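*Asks:* Provided below: target03.txt, containing compact mmCIF, C-alpha atoms.
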# COMPACT_ATOMS: atom_id res chain seq x y z
CA MET A 1 2.96 10.92 -34.24
CA ILE A 2 3.50 14.47 -35.43
CA PRO A 3 7.08 15.25 -36.63
CA LEU A 4 8.14 18.75 -35.56
CA PRO A 5 11.29 20.86 -35.85
CA PHE A 6 12.68 21.89 -32.47
CA THR A 7 11.74 25.51 -33.26
CA SER A 8 8.00 24.74 -33.38
CA PRO A 9 5.88 26.81 -30.93
CA LEU A 10 4.03 23.60 -30.03
CA LEU A 11 7.20 22.47 -28.24
CA ASN A 12 7.55 25.63 -26.14
CA PRO A 13 6.57 23.90 -22.85
CA TYR A 14 9.57 21.58 -23.32
CA ARG A 15 12.01 24.38 -24.11
CA ASN A 16 14.98 25.21 -21.83
CA MET A 17 13.69 22.94 -19.07
CA ARG A 18 16.70 23.42 -16.80
CA ASP A 19 16.32 27.20 -16.59
CA ARG A 20 12.59 27.54 -16.00
CA THR A 21 9.65 26.19 -14.09
CA LEU A 22 6.18 25.54 -15.44
CA ARG A 23 4.46 26.10 -12.11
CA GLY A 24 3.17 29.52 -13.15
CA GLU A 25 1.75 27.94 -16.29
CA ASN A 26 -0.05 25.28 -14.26
CA LEU A 27 1.96 22.56 -16.04
CA PHE A 28 4.67 20.01 -15.18
CA ILE A 29 6.91 17.62 -17.10
CA ALA A 30 7.46 13.90 -16.60
CA GLU A 31 10.74 12.41 -17.85
CA GLY A 32 11.59 8.85 -18.86
CA ASP A 33 9.59 5.74 -19.68
CA LEU A 34 8.47 4.80 -16.17
CA VAL A 35 7.55 8.28 -14.94
CA VAL A 36 5.70 9.08 -18.18
CA GLU A 37 3.79 5.81 -17.94
CA ARG A 38 2.78 6.59 -14.36
CA LEU A 39 1.60 10.02 -15.44
CA LEU A 40 -0.52 8.39 -18.14
CA ASP A 41 -1.99 6.03 -15.51
CA SER A 42 -2.64 8.85 -13.01
CA PRO A 43 -5.64 11.18 -12.61
CA PHE A 44 -3.54 14.14 -13.84
CA PRO A 45 -4.61 15.33 -17.32
CA VAL A 46 -1.92 14.96 -20.02
CA GLU A 47 -1.46 17.83 -22.47
CA SER A 48 1.05 16.24 -24.87
CA VAL A 49 3.86 13.69 -25.24
CA MET A 50 7.22 14.31 -26.89
CA VAL A 51 9.29 11.39 -28.23
CA VAL A 52 12.81 11.40 -29.61
CA ASP A 53 13.10 9.48 -32.89
CA ARG A 54 15.67 7.04 -31.47
CA ALA A 55 13.24 5.97 -28.71
CA VAL A 56 10.16 5.32 -30.87
CA GLN A 57 10.52 1.57 -31.12
CA ARG A 58 11.15 1.23 -27.38
CA VAL A 59 8.09 3.19 -26.27
CA ARG A 60 5.68 2.45 -29.14
CA THR A 61 3.69 -0.21 -27.30
CA MET A 62 3.25 1.98 -24.22
CA LEU A 63 2.11 4.93 -26.33
CA GLU A 64 -0.40 2.84 -28.25
CA LYS A 65 -1.90 1.44 -25.04
CA LYS A 66 -1.74 4.43 -22.73
CA VAL A 67 -1.97 7.72 -24.64
CA PRO A 68 -5.57 8.96 -25.15
CA GLN A 69 -6.62 9.67 -28.73
CA ASN A 70 -6.96 13.41 -28.07
CA VAL A 71 -3.40 13.80 -26.73
CA PRO A 72 -0.86 14.78 -29.40
CA ILE A 73 2.44 12.91 -29.66
CA TYR A 74 5.25 15.06 -31.03
CA LEU A 75 8.27 13.46 -32.71
CA VAL A 76 11.63 15.27 -32.42
CA LYS A 77 14.99 14.37 -33.95
CA PHE A 78 17.71 13.24 -31.57
CA THR A 79 20.11 15.70 -33.17
CA GLU A 80 17.80 18.59 -32.19
CA VAL A 81 16.49 17.59 -28.80
CA GLU A 82 19.44 19.07 -26.85
CA SER A 83 18.85 22.44 -28.50
CA LEU A 84 15.20 22.18 -27.45
CA VAL A 85 15.42 21.12 -23.79
CA GLY A 86 18.71 22.85 -23.02
CA PHE A 87 20.85 19.88 -21.92
CA PRO A 88 21.95 16.47 -23.22
CA PHE A 89 18.78 14.39 -23.11
CA HIS A 90 18.92 10.60 -23.31
CA GLN A 91 15.64 9.56 -21.66
CA GLY A 92 13.89 9.50 -25.03
CA ILE A 93 10.44 10.60 -23.89
CA LEU A 94 8.76 13.50 -22.07
CA ALA A 95 5.15 14.22 -21.25
CA LEU A 96 3.40 17.42 -20.27
CA GLY A 97 0.94 17.17 -17.37
CA ASN A 98 -1.64 19.62 -16.08
CA ARG A 99 -1.40 20.79 -12.47
CA SER A 100 -4.98 20.07 -11.61
CA THR A 101 -5.96 19.00 -8.10
CA PRO A 102 -7.05 15.38 -8.54
CA TRP A 103 -7.30 14.56 -4.83
CA SER A 104 -8.93 15.91 -1.69
CA LEU A 105 -8.61 15.02 1.97
CA GLN A 106 -11.54 12.63 1.58
CA ASP A 107 -9.42 10.44 -0.71
CA PHE A 108 -7.18 9.66 2.27
CA LEU A 109 -10.14 8.35 4.21
CA SER A 110 -11.40 5.71 1.77
CA PRO A 111 -11.26 2.16 3.15
CA LYS A 112 -8.19 0.31 1.87
CA ASP A 113 -6.68 -3.00 2.86
CA PHE A 114 -3.40 -4.56 1.83
CA TYR A 115 -1.64 -7.80 2.63
CA SER A 116 1.52 -8.72 4.47
CA PRO A 117 3.34 -12.04 4.80
CA LEU A 118 3.86 -11.28 8.47
CA GLU A 119 1.48 -12.21 11.24
CA VAL A 120 -0.83 -9.46 12.42
CA ILE A 121 -0.80 -8.92 16.18
CA SER A 122 -3.83 -7.32 17.79
CA HIS A 123 -2.82 -4.83 20.45
CA PRO A 124 -5.03 -3.19 23.08
CA GLU A 125 -6.57 0.02 21.91
CA VAL A 126 -4.23 2.95 22.52
CA LYS A 127 -5.63 6.00 24.26
CA THR A 128 -4.46 9.37 23.01
CA SER A 129 -2.43 11.68 25.20
CA PRO A 130 -0.94 15.06 24.28
CA GLU A 131 1.93 14.87 26.75
CA ILE A 132 5.56 14.21 25.92
CA TYR A 133 6.52 10.98 27.63
CA PRO A 134 9.43 10.82 30.09
CA PRO A 135 12.54 8.77 29.26
CA HIS A 136 11.39 5.31 28.21
CA ASN A 137 13.60 3.53 30.73
CA LEU A 138 11.80 5.32 33.57
CA SER A 139 8.16 5.09 32.62
CA ILE A 140 6.44 3.61 29.60
CA PRO A 141 2.69 4.16 29.21
CA HIS A 142 1.01 0.80 29.70
CA ASN A 143 -0.87 1.12 26.45
CA LEU A 144 2.39 1.27 24.46
CA ILE A 145 3.90 -1.91 25.93
CA PRO A 146 3.16 -5.06 23.91
CA PRO A 147 0.96 -7.55 25.76
CA PRO A 148 2.89 -10.08 27.86
CA ASP A 149 1.94 -12.98 25.63
CA ILE A 150 3.86 -11.34 22.81
CA LEU A 151 7.03 -11.06 24.87
CA THR A 152 7.05 -14.48 26.54
CA PRO A 153 9.00 -17.31 24.92
CA SER A 154 6.01 -19.63 25.30
CA VAL A 155 4.43 -18.29 22.14
CA LEU A 156 7.54 -19.00 20.09
CA PRO A 157 8.07 -22.36 18.41
CA ALA A 158 10.53 -24.69 20.09
CA PRO A 159 14.02 -24.44 18.57
CA GLN A 160 15.02 -27.22 16.23
CA GLU A 161 18.42 -28.84 16.22
CA THR A 162 18.60 -28.94 12.43
CA ILE A 163 17.10 -26.94 9.63
CA PRO A 164 15.00 -29.15 7.36
CA ASN A 165 15.74 -29.23 3.64
CA SER A 166 19.26 -27.87 4.07
CA ASP A 167 22.66 -29.10 3.01
CA LEU A 168 26.11 -28.58 4.48
CA SER A 169 26.50 -25.22 2.76
CA GLY A 170 23.55 -23.88 4.72
CA ASP A 171 21.52 -22.99 1.63
CA LEU A 172 17.86 -23.88 1.89
CA LYS A 173 16.72 -26.26 -0.79
CA ASN A 174 13.13 -25.27 -0.35
CA LYS A 175 12.69 -21.51 -0.05
CA GLU A 176 9.06 -22.00 0.93
CA ASP A 177 10.34 -22.99 4.38
CA LEU A 178 11.12 -19.29 4.94
CA ARG A 179 7.70 -18.07 3.89
CA SER A 180 4.63 -17.64 6.03
CA LYS A 181 1.91 -20.15 5.17
CA GLU A 182 -0.76 -17.45 5.42
CA GLU A 183 -1.01 -13.84 4.31
CA PRO A 184 -3.30 -12.11 6.85
CA LYS A 185 -4.94 -8.86 5.90
CA ILE A 186 -3.75 -5.59 7.48
CA SER A 187 -6.24 -2.75 7.60
CA ARG A 188 -4.28 -0.05 9.45
CA LYS A 189 -4.76 3.41 7.97
CA CYS A 190 -1.76 5.70 7.60
CA ILE A 191 -1.39 9.32 6.50
CA ILE A 192 2.05 10.92 6.16
CA VAL A 193 2.46 14.58 7.10
CA LEU A 194 5.35 16.69 5.76
CA PRO A 195 4.91 20.24 7.05
CA ASP A 196 7.90 21.98 5.50
CA ILE A 197 10.24 19.59 3.68
CA THR A 198 12.48 21.74 1.49
CA LYS A 199 14.60 19.23 -0.45
CA PRO A 200 13.01 17.61 -3.53
CA ASP A 201 15.21 14.51 -3.10
CA ASN A 202 13.87 13.89 0.40
CA LEU A 203 10.32 14.57 -0.69
CA GLY A 204 10.65 12.14 -3.59
CA ASN A 205 12.08 9.43 -1.35
CA VAL A 206 9.18 9.73 1.12
CA PHE A 207 6.66 9.51 -1.72
CA ARG A 208 8.39 6.42 -3.07
CA CYS A 209 8.39 4.74 0.36
CA GLY A 210 4.77 5.71 1.00
CA ALA A 211 3.59 4.36 -2.34
CA ALA A 212 5.56 1.13 -1.95
CA LEU A 213 4.57 0.36 1.63
CA GLY A 214 0.88 1.19 1.47
CA ALA A 215 0.32 4.64 2.96
CA ASP A 216 -3.06 6.21 2.20
CA GLY A 217 -1.81 9.68 1.31
CA ILE A 218 0.53 12.57 2.06
CA LEU A 219 -0.54 15.85 3.60
CA LEU A 220 1.91 18.65 2.79
CA GLY A 221 2.30 21.92 4.62
CA SER A 222 2.09 25.17 2.69
CA GLN A 223 5.90 25.61 2.89
CA ALA A 224 6.77 22.16 1.52
CA CYS A 225 8.63 22.00 -1.79
CA ASP A 226 6.89 21.11 -5.04
CA PRO A 227 6.10 17.38 -5.48
CA LEU A 228 5.74 17.92 -9.23
CA SER A 229 9.23 19.34 -9.68
CA ARG A 230 11.40 17.38 -12.08
CA ARG A 231 13.74 16.26 -9.31
CA ALA A 232 11.03 15.11 -6.90
CA MET A 233 9.26 13.15 -9.63
CA ARG A 234 12.46 11.43 -10.78
CA VAL A 235 13.49 10.44 -7.24
CA SER A 236 9.99 9.19 -6.42
CA MET A 237 9.95 7.14 -9.64
CA GLY A 238 6.53 8.60 -10.34
CA GLY A 239 5.27 7.95 -6.79
CA VAL A 240 3.96 11.52 -6.61
CA MET A 241 1.39 10.49 -9.22
CA GLN A 242 0.50 7.19 -7.51
CA LEU A 243 -0.01 8.28 -3.90
CA PRO A 244 -2.77 10.83 -3.19
CA TRP A 245 -1.49 14.13 -1.79
CA ILE A 246 -2.71 17.63 -1.10
CA LYS A 247 -1.16 20.85 0.16
CA SER A 248 -2.87 22.06 3.31
CA GLN A 249 -3.46 25.75 3.87
CA ASP A 250 -4.01 25.14 7.59
CA LEU A 251 -2.17 22.00 8.66
CA ILE A 252 -3.02 22.22 12.37
CA LYS A 253 -6.71 22.57 11.56
CA ASP A 254 -6.62 19.57 9.21
CA LEU A 255 -4.81 17.44 11.79
CA HIS A 256 -7.35 18.37 14.43
CA PHE A 257 -10.14 17.43 12.01
CA LEU A 258 -8.63 14.00 11.29
CA LYS A 259 -8.04 13.43 15.00
CA SER A 260 -11.41 14.56 16.35
CA SER A 261 -13.70 13.44 13.53
CA TYR A 262 -12.02 10.25 12.31
CA GLY A 263 -10.15 8.98 15.35
CA TYR A 264 -6.61 9.26 13.99
CA GLN A 265 -3.68 9.19 16.41
CA ILE A 266 -0.80 11.52 15.56
CA TYR A 267 2.80 10.36 15.91
CA ALA A 268 5.67 12.86 15.81
CA THR A 269 8.98 11.38 14.63
CA VAL A 270 11.73 13.08 16.64
CA VAL A 271 15.32 12.76 17.78
CA SER A 272 14.97 12.66 21.56
CA GLU A 273 15.84 10.46 24.51
CA ASN A 274 12.39 11.25 25.89
CA ALA A 275 10.61 9.75 22.88
CA ILE A 276 9.24 6.23 22.68
CA PRO A 277 11.70 3.93 20.85
CA LEU A 278 10.36 2.24 17.74
CA PRO A 279 10.47 -1.37 19.03
CA GLU A 280 8.16 -0.45 21.93
CA ILE A 281 5.38 1.16 19.89
CA CYS A 282 2.00 -0.50 19.50
CA TRP A 283 0.47 1.26 16.52
CA GLY A 284 -3.17 2.28 16.60
CA PRO A 285 -5.62 1.38 13.80
CA LYS A 286 -5.54 4.91 12.30
CA ILE A 287 -2.23 6.73 12.40
CA ILE A 288 -0.68 9.95 11.16
CA LEU A 289 3.13 10.02 10.87
CA CYS A 290 4.67 13.50 11.00
CA PHE A 291 8.18 14.09 9.66
CA GLY A 292 9.92 17.39 10.29
CA ASN A 293 12.15 19.69 8.33
CA GLU A 294 15.64 18.40 7.46
CA TYR A 295 17.29 20.97 9.72
CA ASP A 296 14.84 22.05 12.44
CA GLY A 297 12.50 19.07 12.82
CA LEU A 298 8.86 19.60 13.71
CA LYS A 299 7.71 22.98 14.98
CA PRO A 300 6.46 23.29 18.60
CA GLU A 301 2.87 24.03 17.58
CA LEU A 302 2.68 20.81 15.58
CA LEU A 303 4.41 18.78 18.29
CA ALA A 304 1.75 19.98 20.72
CA GLU A 305 -0.94 18.51 18.46
CA CYS A 306 0.70 15.06 18.45
CA ASP A 307 -0.34 12.21 20.73
CA PHE A 308 2.99 10.40 20.80
CA HIS A 309 6.63 11.28 20.19
CA ILE A 310 8.55 8.36 18.69
CA THR A 311 12.15 7.76 17.65
CA ILE A 312 14.50 5.23 16.06
CA PRO A 313 17.21 4.10 18.51
CA MET A 314 20.70 4.81 17.14
CA SER A 315 24.12 3.23 17.55
CA ARG A 316 27.69 4.56 17.38
CA GLU A 317 26.67 8.08 18.44
CA VAL A 318 24.76 8.67 15.20
CA ASP A 319 21.94 11.04 16.07
CA SER A 320 19.69 10.84 13.00
CA LEU A 321 19.02 9.25 9.62
CA ASN A 322 18.23 10.61 6.20
CA LEU A 323 14.54 11.52 5.98
CA GLY A 324 13.81 8.97 3.27
CA VAL A 325 15.52 6.18 5.24
CA SER A 326 13.73 7.00 8.50
CA ALA A 327 10.38 7.28 6.71
CA GLY A 328 10.89 3.83 5.21
CA ILE A 329 11.70 2.32 8.62
CA PHE A 330 8.70 3.89 10.37
CA LEU A 331 6.33 3.01 7.52
CA TYR A 332 7.48 -0.60 7.37
CA SER A 333 7.02 -0.96 11.12
CA ALA A 334 3.57 0.62 11.03
CA LEU A 335 2.19 -1.00 7.88
CA ARG A 336 3.93 -4.32 7.42
CA THR A 337 4.46 -5.70 10.92
Once more with this new file: its structure as structure tokens, please.
*Replies:*
Amino acid sequence: MIPLPFTSPLLNPYRNMRDRTLRGENLFIAEGDLVVERLLDSPFPVESVMVVDRAVQRVRTMLEKKVPQNVPIYLVKFTEVESLVGFPFHQGILALGNRSTPWSLQDFLSPKDFYSPLEVISHPEVKTSPEIYPPHNLSIPHNLIPPPDILTPSVLPAPQETIPNSDLSGDLKNKEDLRSKEEPKISRKCIIVLPDITKPDNLGNVFRCGAALGADGILLGSQACDPLSRRAMRVSMGGVMQLPWIKSQDLIKDLHFLKSSYGYQIYATVVSENAIPLPEICWGPKIILCFGNEYDGLKPELLAECDFHITIPMSREVDSLNLGVSAGIFLYSALRT
């Protein structure tokens, strides 16, 4: 470690962090143990690490294992760090990353399987259709209705009068009774599309959900906010450095490419009575989930490119959910059930 006074020019990238952005310098800053560690594990190049003296013992093992030999580690006194960064700083560690472009669209298309404790149900192949479907209680496309054998009670186990391995309190003595005996493999591909999300909190939440639930990548529109902003990275818990993403300069063109060349089906998440409710969707093997702007939703030109319009049924006259919450619900349905 290299001890430095807070006035050292080597610490300039960390100076007055609240009042400036490093985007023009092609740099970004990761804050806190977990986010710094995920930066060190990511394909983004690391320029330097800054550690506050009070945090050395806590992060020493991580630094010894993760920081490359050619990356300098600067040591700053706790009594000086606030004067350096411009606000009370208690995270103890920062790291400076380089805004390279580690991913391309091809990284979304690499084969990837993951596992789920839930049973995988094979649905009939869904044919694409650009039309907006009529109200679901009037007409549901046959290819979006689960096969009859899924809906009939005959495939369900007969009810039991008592729960084995339970006592009068209702607590299971053997938790394995609740677990599936097998963990089938799910191979569904999923790309998330965020054309023009403007709030870093929402963006970070979607990245965190996508990384946790097994999405293959995120395709951002040119008007989307910065995934490498301090706020987005903190909210995502470093998910922006785990899940591949790119900013598209022509989103419609890229969607058409994925649809025509790779067989992806595009699902628009909307608030509409004419959309297909989530419980009635049979997901295809390759899906793209599009989430609109927090205020205006998806633009008409993107909606026209989508094969299906889908929605989450609401109760108590609530018309919508927070973007991060709705993304988590759709992703769990598509990737874990």
*Asks:* Would you compute the distance between CA of Asn26 in chain A and CA of Leu228 in chain A? Give it in Å to one decimal.
*Replies:* 10.6 Å
*Asks:* With a distance cut-off of 8 Å and all atoms listed in the file, select the neighbouring residues of range 214-221 of chain A, excluding the residue or stretch itself and same-chain residues fewer than 3 positions from it, and output the selection as a ChimeraX atom specification.
*Replies:* /A:107-109,112,114,189-196,207,210-211,224,243-251,331,335
*Asks:* Using only C-alpha atoms, please write the residues we just selected to a file, as a compact mmCIF listing (two decimals), in the frame of the given file.
*Replies:*
# COMPACT_ATOMS: atom_id res chain seq x y z
CA ASP A 107 -9.42 10.44 -0.71
CA PHE A 108 -7.18 9.66 2.27
CA LEU A 109 -10.14 8.35 4.21
CA LYS A 112 -8.19 0.31 1.87
CA PHE A 114 -3.40 -4.56 1.83
CA LYS A 189 -4.76 3.41 7.97
CA CYS A 190 -1.76 5.70 7.60
CA ILE A 191 -1.39 9.32 6.50
CA ILE A 192 2.05 10.92 6.16
CA VAL A 193 2.46 14.58 7.10
CA LEU A 194 5.35 16.69 5.76
CA PRO A 195 4.91 20.24 7.05
CA ASP A 196 7.90 21.98 5.50
CA PHE A 207 6.66 9.51 -1.72
CA GLY A 210 4.77 5.71 1.00
CA ALA A 211 3.59 4.36 -2.34
CA ALA A 224 6.77 22.16 1.52
CA LEU A 243 -0.01 8.28 -3.90
CA PRO A 244 -2.77 10.83 -3.19
CA TRP A 245 -1.49 14.13 -1.79
CA ILE A 246 -2.71 17.63 -1.10
CA LYS A 247 -1.16 20.85 0.16
CA SER A 248 -2.87 22.06 3.31
CA GLN A 249 -3.46 25.75 3.87
CA ASP A 250 -4.01 25.14 7.59
CA LEU A 251 -2.17 22.00 8.66
CA LEU A 331 6.33 3.01 7.52
CA LEU A 335 2.19 -1.00 7.88
*Asks:* Point out the residue among A:Ser187, A:Pro3, A:Pro45, A:Glu37 with the least atom-to-atom distance to Thr61 in chain A, counting only C-alpha atoms.
*Replies:*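 Closest to Thr61 in chain A, using only C-alpha atoms: A:Glu37.
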*Asks:* Using only C-alpha atoms, pick whichever of A:Arg58, A:Lys253, A:Arg234, A:Arg15 has the shortest atom-to-atom distance to Gly86 in chain A.
*Replies:*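 Using only C-alpha atoms, the shortest distance to Gly86 in chain A belongs to A:Arg15.
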*Asks:* State, in Å with one decimal place, the distance from CA of Leu303 in chain A to CA of Ile266 in chain A.
*Replies:*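 Here the two named atoms are 9.3 Å from each other.
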*Asks:* Take CA of Asp307 in chain A and CA of Ala268 in chain A and report the distance between them in Å, one decimal.
*Replies:*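 If I compute the distance from CA of Asp307 in chain A to CA of Ala268 in chain A, I get 7.8 Å.
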*Asks:* With all atoms listed in the file as the atoms that count, which of A:Cys225, A:Leu39, A:Val59, A:Ile329 lies nearest to Gly239 in chain A?
*Replies:*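 Closest candidate: A:Leu39.
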*Asks:* Of the residues A:Leu298, A:Met1, A:Val271, A:Cys282, which is the one nearest to Ile312 in chain A, using only C-alpha atoms?
*Replies:*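 Selected residue with least distance to Ile312 in chain A: A:Val271.
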